[in-house]
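Student: Here you go, one structure.
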Amino acid sequence: MRQLVRDRLYERARFTTTLAGPTFDIALRADTDGDGKADFALTTADAWRTVADTVSVPELEDARAFWENVLATRAELEREGAYLSADAREVAFIELTNTLNDFVPTLETLALEQERFPSLEAFREFHGLEVSFGQRFDALRKATETTTPPQIEQHYARSIARLGGVSADADVLLVSAYDFPRARWNPDGRAGARVRVQALVERWRANEKALAAGSADAREREGFWSALLDEQSGWWDPPLPDQETATEFRAVERKHGRFGALDAGRWLEMLELTRLEQWLRGSTALDAILRDAPIGELSGPFEHVYGQLLVRVRSRTAPTQPLDLADPQHRGVLASDLLDEEFRAYTRRAVERARATRPGK
């Protein structure tokens with residue numbers, strides 16, 4: 001059902017969930033007559049038995065990764081006394097909804113279609129953590145209205161490639177865990193992709209070593225890389241229905257990963273690097289393409305929702321729209337970008353801390 005329909009049914013039947021709780025023993029509870037007593041309850045275990053056969057291993061991995069991030073980040077914020085109350089989080093969510101009214105049809109569109117969250121409830125959980133963490137940036141955001149704080153100057157150097165209109169021409173080989181033509185995950189899933197990507201890296205290194213030694217077995221670098229893309233890259237372009245509609249259906253071509261010259265926004269779109277994806281996996285593929293990867297060399301692998309990425313950058317431009325630190329609006333953009341970066345790093349540290357202190361460790 002659409003989120004709008006679900007919300008209405010939940011409201012009418014007084015459904016509640018325990019997504020905010022530590023155990024999730026009760027997945028759904030309903031008080032249909034309003035007497036304050038539950039007339040219906042569905043346990044997580046019962047719900048799981050019903051759907052287990054329809055859930056793939058990668059989907060289960062993503063669900064576990066999401067809740068590990070949520071619970072670890074929440075615990076860290078609570079430990080610091082920084083986790084906002086339920087009322088404060090609700091106010092922040094309403095403010096977000098009102099702010100976005102002029103930009104997206106519904107919040108559901110933003111959360112599910114643009115940001116690829118599994119549900120609006122999951123997006124709400126993420127947002128509550130984000131605004132709780134963001135409190136520590138209030139003073140910095142205020143300062144950017146009149147000055148250029150040192151943190152903003154430092155972040156400018158790191159972020160100019162993403163925010164300043166740098167264009168990078170790069171090939172991105174996907175070692176895929178997903179079978180696109182059949183719309184299903186490969187039997188060996190992401191674990192298999194990790195094994196296969198290391199084998200490709202070794203093949204590249206072996207050929208580079210043979211080239212340096214002048215071996216007769218070495219293959220010319222461009223030809224070797226092109227063959228790897230054609231034979232091993234998992235990006236897929238569906239067949240065209242007919243010639244008359246070719247233009248419409250070929251608006252985006254992946255060409256086994258030969259994406260050409262794109263700016264940061266287009267790279268995010270082509271590689272499907274949503275905020276959720278970057279928060280879950282902490283992928284640095286975008287920074288590698290726009291800033292860090294040496295021209296012509298192989299970089300990676302990088303974790304990706306569909307498997308593993310290998311990057312080879314052909315060229316980069318200088319920033320075409322550099323930010324002006326004298327402009328308060330530009331300083332505000334840098335502050336928001338710094339918040340996103342720091343929030344991802346905070347979650348990574350929280351997850352590592354939670355894993356290190358888990359019973360049995």
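Ligands are numbered from 1 in the order shown, chains are lettered A, B, ... in the order of the structure tokens, and residues start at 1 in each chain.
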Please build the interface table for region 231-313 of chain A against region 44-68 of chain A with a cut-off of 12 Å, listing for each qualifying residue the nearest atom pair and the distance in Å to one decimal; count only C-alpha atoms, order rows by chain and increasing number, and write it as CSV.
Tutor:
```
residue,atom,partner,partner_atom,distance
A:Leu276,CA,A:Phe66,CA,8.9
A:Glu277,CA,A:Asp62,CA,9.7
A:Gln278,CA,A:Phe66,CA,11.5
A:Trp279,CA,A:Phe66,CA,8.9
A:Leu280,CA,A:Phe66,CA,6.4
A:Arg281,CA,A:Ala65,CA,8.5
A:Gly282,CA,A:Ala65,CA,11.5
A:His304,CA,A:Asp62,CA,11.3
A:Val305,CA,A:Asp62,CA,8.6
A:Tyr306,CA,A:Pro58,CA,9.0
A:Gly307,CA,A:Pro58,CA,9.7
```
Student: Write the residues of the preceding selection, restricted to N, CA and C atoms, as an mmCIF file, in the first residue's frame.
Tutor:
```cif
data_model
loop_
_atom_site.group_PDB
_atom_site.id
_atom_site.type_symbol
_atom_site.label_atom_id
_atom_site.label_comp_id
_atom_site.auth_asym_id
_atom_site.auth_seq_id
_atom_site.Cartn_x
_atom_site.Cartn_y
_atom_site.Cartn_z
ATOM 1 N N LEU A 276 21.065 7.760 2.004
ATOM 2 C CA LEU A 276 20.949 6.513 2.752
ATOM 3 C C LEU A 276 22.086 5.570 2.394
ATOM 4 N N GLU A 277 22.373 5.428 1.104
ATOM 5 C CA GLU A 277 23.438 4.534 0.661
ATOM 6 C C GLU A 277 24.778 4.951 1.247
ATOM 7 N N GLN A 278 25.060 6.249 1.222
ATOM 8 C CA GLN A 278 26.342 6.719 1.748
ATOM 9 C C GLN A 278 26.401 6.563 3.271
ATOM 10 N N TRP A 279 25.267 6.748 3.951
ATOM 11 C CA TRP A 279 25.238 6.589 5.402
ATOM 12 C C TRP A 279 25.411 5.123 5.804
ATOM 13 N N LEU A 280 24.800 4.220 5.046
ATOM 14 C CA LEU A 280 24.888 2.796 5.380
ATOM 15 C C LEU A 280 26.278 2.238 5.128
ATOM 16 N N ARG A 281 26.857 2.570 3.963
ATOM 17 C CA ARG A 281 28.092 1.924 3.553
ATOM 18 C C ARG A 281 29.324 2.813 3.643
ATOM 19 N N GLY A 282 29.100 4.126 3.830
ATOM 20 C CA GLY A 282 30.235 5.036 3.939
ATOM 21 C C GLY A 282 31.117 5.048 2.706
ATOM 22 N N HIS A 304 29.210 -0.939 -2.602
ATOM 23 C CA HIS A 304 28.077 -0.347 -3.310
ATOM 24 C C HIS A 304 26.845 -1.206 -3.059
ATOM 25 N N VAL A 305 25.685 -0.609 -3.197
ATOM 26 C CA VAL A 305 24.449 -1.337 -2.942
ATOM 27 C C VAL A 305 24.336 -2.577 -3.826
ATOM 28 N N TYR A 306 24.891 -2.524 -5.046
ATOM 29 C CA TYR A 306 24.791 -3.667 -5.954
ATOM 30 C C TYR A 306 26.046 -4.532 -5.976
ATOM 31 N N GLY A 307 27.023 -4.240 -5.137
ATOM 32 C CA GLY A 307 28.227 -5.071 -5.127
ATOM 33 C C GLY A 307 29.475 -4.278 -4.809
#
```
Student: Residues within 12 Å of Leu338 (chain A), please, as a PyMOL selection string. Count only C-alpha atoms; anything in the same chain fewer than 2 positions from it doesn't count.
Tutor: chain A and resi 134+136-137+140-141+151-160+162-163+331-336+340-346
Student: Measuring atom to atom with only C-alpha atoms, identify which of A:Leu110, A:Leu310, A:Ala318, A:Leu268 is nearest to Gly165 (chain A).
Tutor: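 Of the candidates, the smallest distance to Gly165 (chain A) is held by A:Ala318.
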Student: Check which residues of region 209-238 of chain A sit at most 9 Å from region 253-261 of chain A using only C-alpha atoms, and return one row each with the closest pair of atoms and their distance in Å to one decimal, ordered by chain and rising number, as JSON lines.
Tutor:
```
{"residue": "A:Leu229", "atom": "CA", "partner": "A:His256", "partner_atom": "CA", "distance": 5.8}
{"residue": "A:Asp230", "atom": "CA", "partner": "A:His256", "partner_atom": "CA", "distance": 6.1}
{"residue": "A:Glu231", "atom": "CA", "partner": "A:His256", "partner_atom": "CA", "distance": 8.7}
{"residue": "A:Gln232", "atom": "CA", "partner": "A:His256", "partner_atom": "CA", "distance": 8.4}
{"residue": "A:Ser233", "atom": "CA", "partner": "A:His256", "partner_atom": "CA", "distance": 5.4}
{"residue": "A:Gly234", "atom": "CA", "partner": "A:His256", "partner_atom": "CA", "distance": 6.6}
{"residue": "A:Trp235", "atom": "CA", "partner": "A:His256", "partner_atom": "CA", "distance": 5.0}
{"residue": "A:Trp236", "atom": "CA", "partner": "A:His256", "partner_atom": "CA", "distance": 6.5}
{"residue": "A:Asp237", "atom": "CA", "partner": "A:Arg254", "partner_atom": "CA", "distance": 6.3}
```
Student: Generate a file of the selected residues that holds C-alpha atoms, formatted as a short mmCIF file (atom, residue, chain, number, x, y, z; two decimals), in the first residue's frame.
Tutor:
```
data_model
loop_
_atom_site.label_atom_id
_atom_site.label_comp_id
_atom_site.auth_asym_id
_atom_site.auth_seq_id
_atom_site.Cartn_x
_atom_site.Cartn_y
_atom_site.Cartn_z
CA LEU A 229 34.67 -3.53 -18.68
CA ASP A 230 33.01 -5.49 -21.48
CA GLU A 231 33.49 -8.91 -19.89
CA GLN A 232 33.21 -8.24 -16.15
CA SER A 233 31.21 -5.06 -15.51
CA GLY A 234 27.70 -5.74 -14.28
CA TRP A 235 26.03 -2.49 -15.39
CA TRP A 236 23.21 -3.37 -17.77
CA ASP A 237 21.39 -1.48 -20.50
#
```
Student: In Å, with one decimal, what is the gap from CA of Gln114 (chain A) to CA of Thr274 (chain A)?
Tutor: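 That distance, rounded to one decimal, is 7.5 Å.
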Student: What are the DSSP alpha helix (DSSP H) residues of region 59-269 of chain A, as number ranges by chain?
Tutor: A: 59-79, 86-100, 107-108, 120-134, 138-143, 150-163, 189-212, 221-232, 246-249, 264-269
Student: Which parts of region 39-255 of chain A does DSSP call strand (DSSP E) when run on the backbone here, written out as an MDAnalysis selection string?
Tutor: chainID A and resid 40:43 168:176 178:179 184:185
Student: Would you save the residues of that selection, restricted to N, CA and C atoms, as an mmCIF file, in the first residue's frame?
Tutor:
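The resulting file, part-v1.cif, is shown below:
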```cif
data_model
loop_
_atom_site.group_PDB
_atom_site.id
_atom_site.type_symbol
_atom_site.label_atom_id
_atom_site.label_comp_id
_atom_site.auth_asym_id
_atom_site.auth_seq_id
_atom_site.Cartn_x
_atom_site.Cartn_y
_atom_site.Cartn_z
ATOM 1 N N PHE A 40 -5.192 -6.330 19.247
ATOM 2 C CA PHE A 40 -4.443 -7.120 18.275
ATOM 3 C C PHE A 40 -2.963 -6.808 18.438
ATOM 4 N N ALA A 41 -2.136 -7.840 18.377
ATOM 5 C CA ALA A 41 -0.688 -7.641 18.427
ATOM 6 C C ALA A 41 -0.018 -8.654 17.512
ATOM 7 N N LEU A 42 0.958 -8.186 16.768
ATOM 8 C CA LEU A 42 1.725 -9.051 15.871
ATOM 9 C C LEU A 42 3.178 -9.001 16.313
ATOM 10 N N THR A 43 3.740 -10.136 16.645
ATOM 11 C CA THR A 43 5.136 -10.150 17.078
ATOM 12 C C THR A 43 6.058 -10.123 15.869
ATOM 13 N N ALA A 168 34.327 15.056 -13.920
ATOM 14 C CA ALA A 168 35.308 13.974 -14.063
ATOM 15 C C ALA A 168 34.827 12.977 -15.098
ATOM 16 N N ASP A 169 35.735 12.620 -16.000
ATOM 17 C CA ASP A 169 35.472 11.581 -16.989
ATOM 18 C C ASP A 169 36.059 10.291 -16.428
ATOM 19 N N ALA A 170 35.203 9.328 -16.119
ATOM 20 C CA ALA A 170 35.679 8.109 -15.465
ATOM 21 C C ALA A 170 34.911 6.891 -15.939
ATOM 22 N N ASP A 171 35.577 5.742 -15.866
ATOM 23 C CA ASP A 171 34.938 4.449 -16.062
ATOM 24 C C ASP A 171 34.756 3.818 -14.681
ATOM 25 N N VAL A 172 33.602 3.219 -14.454
ATOM 26 C CA VAL A 172 33.325 2.568 -13.174
ATOM 27 C C VAL A 172 32.843 1.150 -13.449
ATOM 28 N N LEU A 173 33.669 0.195 -13.097
ATOM 29 C CA LEU A 173 33.335 -1.216 -13.298
ATOM 30 C C LEU A 173 32.567 -1.713 -12.070
ATOM 31 N N LEU A 174 31.395 -2.254 -12.304
ATOM 32 C CA LEU A 174 30.593 -2.838 -11.229
ATOM 33 C C LEU A 174 30.768 -4.347 -11.222
ATOM 34 N N VAL A 175 31.339 -4.858 -10.128
ATOM 35 C CA VAL A 175 31.323 -6.303 -9.895
ATOM 36 C C VAL A 175 30.016 -6.563 -9.162
ATOM 37 N N SER A 176 29.047 -7.055 -9.889
ATOM 38 C CA SER A 176 27.678 -7.021 -9.412
ATOM 39 C C SER A 176 27.281 -8.239 -8.586
ATOM 40 N N TYR A 178 24.055 -8.375 -8.187
ATOM 41 C CA TYR A 178 22.666 -8.374 -8.642
ATOM 42 C C TYR A 178 22.603 -8.757 -10.109
ATOM 43 N N ASP A 179 21.639 -9.607 -10.448
ATOM 44 C CA ASP A 179 21.407 -10.031 -11.831
ATOM 45 C C ASP A 179 20.335 -9.109 -12.418
ATOM 46 N N ARG A 184 17.020 -10.106 -9.986
ATOM 47 C CA ARG A 184 17.158 -10.888 -8.762
ATOM 48 C C ARG A 184 18.624 -10.865 -8.338
ATOM 49 N N TRP A 185 18.860 -11.154 -7.070
ATOM 50 C CA TRP A 185 20.220 -11.183 -6.560
ATOM 51 C C TRP A 185 20.911 -12.477 -6.976
#
```
Student: In Å, with one decimal, what is the gap from CA of Asp33 (chain A) to CA of Arg2 (chain A)?
Tutor: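 Here the two named atoms are 24.6 Å from each other.
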Student: Which one of A:Ala356, A:Gln308, A:Ala264, A:Asp7 sits closest to Leu120 (chain A) if you count only C-alpha atoms?
Tutor: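 Comparing A:Ala356, A:Gln308, A:Ala264, A:Asp7 against Leu120 (chain A), the winner is A:Asp7.
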Student: Rounded to one decimal in Å, what is the spacing between CA of Asp31 (chain A) and CA of Ala111 (chain A)?
Tutor: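 Spanning CA of Asp31 (chain A) to CA of Ala111 (chain A) is a straight-line distance of 27.9 Å.
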Student: Hey, what's within 9 Å of Val131 (chain A) if we count only C-alpha atoms and toss same-chain stuff fewer than 5 positions away? As a list of chain:residue names, please?
Tutor: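 Counting only the stated atoms, we get A:Tyr83, A:Leu84, A:Arg89, A:Ala92, A:Phe126.
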Student: Return the single residue from A:Asp263, A:Glu121, A:Thr284, A:Leu4 that is closest to Gly164 (chain A), with distances computed using only C-alpha atoms.
Tutor: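 Looking only at the distances to Gly164 (chain A), the closest residue turns out to be A:Asp263.
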Student: Choose the residue, out of A:Arg182, A:Asn207, A:Ser167, A:Gly36, that has the smallest atom-to-atom separation from Gly223 (chain A); count only C-alpha atoms.
Tutor: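 Checking each candidate against Gly223 (chain A), we get A:Asn207 as the closest.
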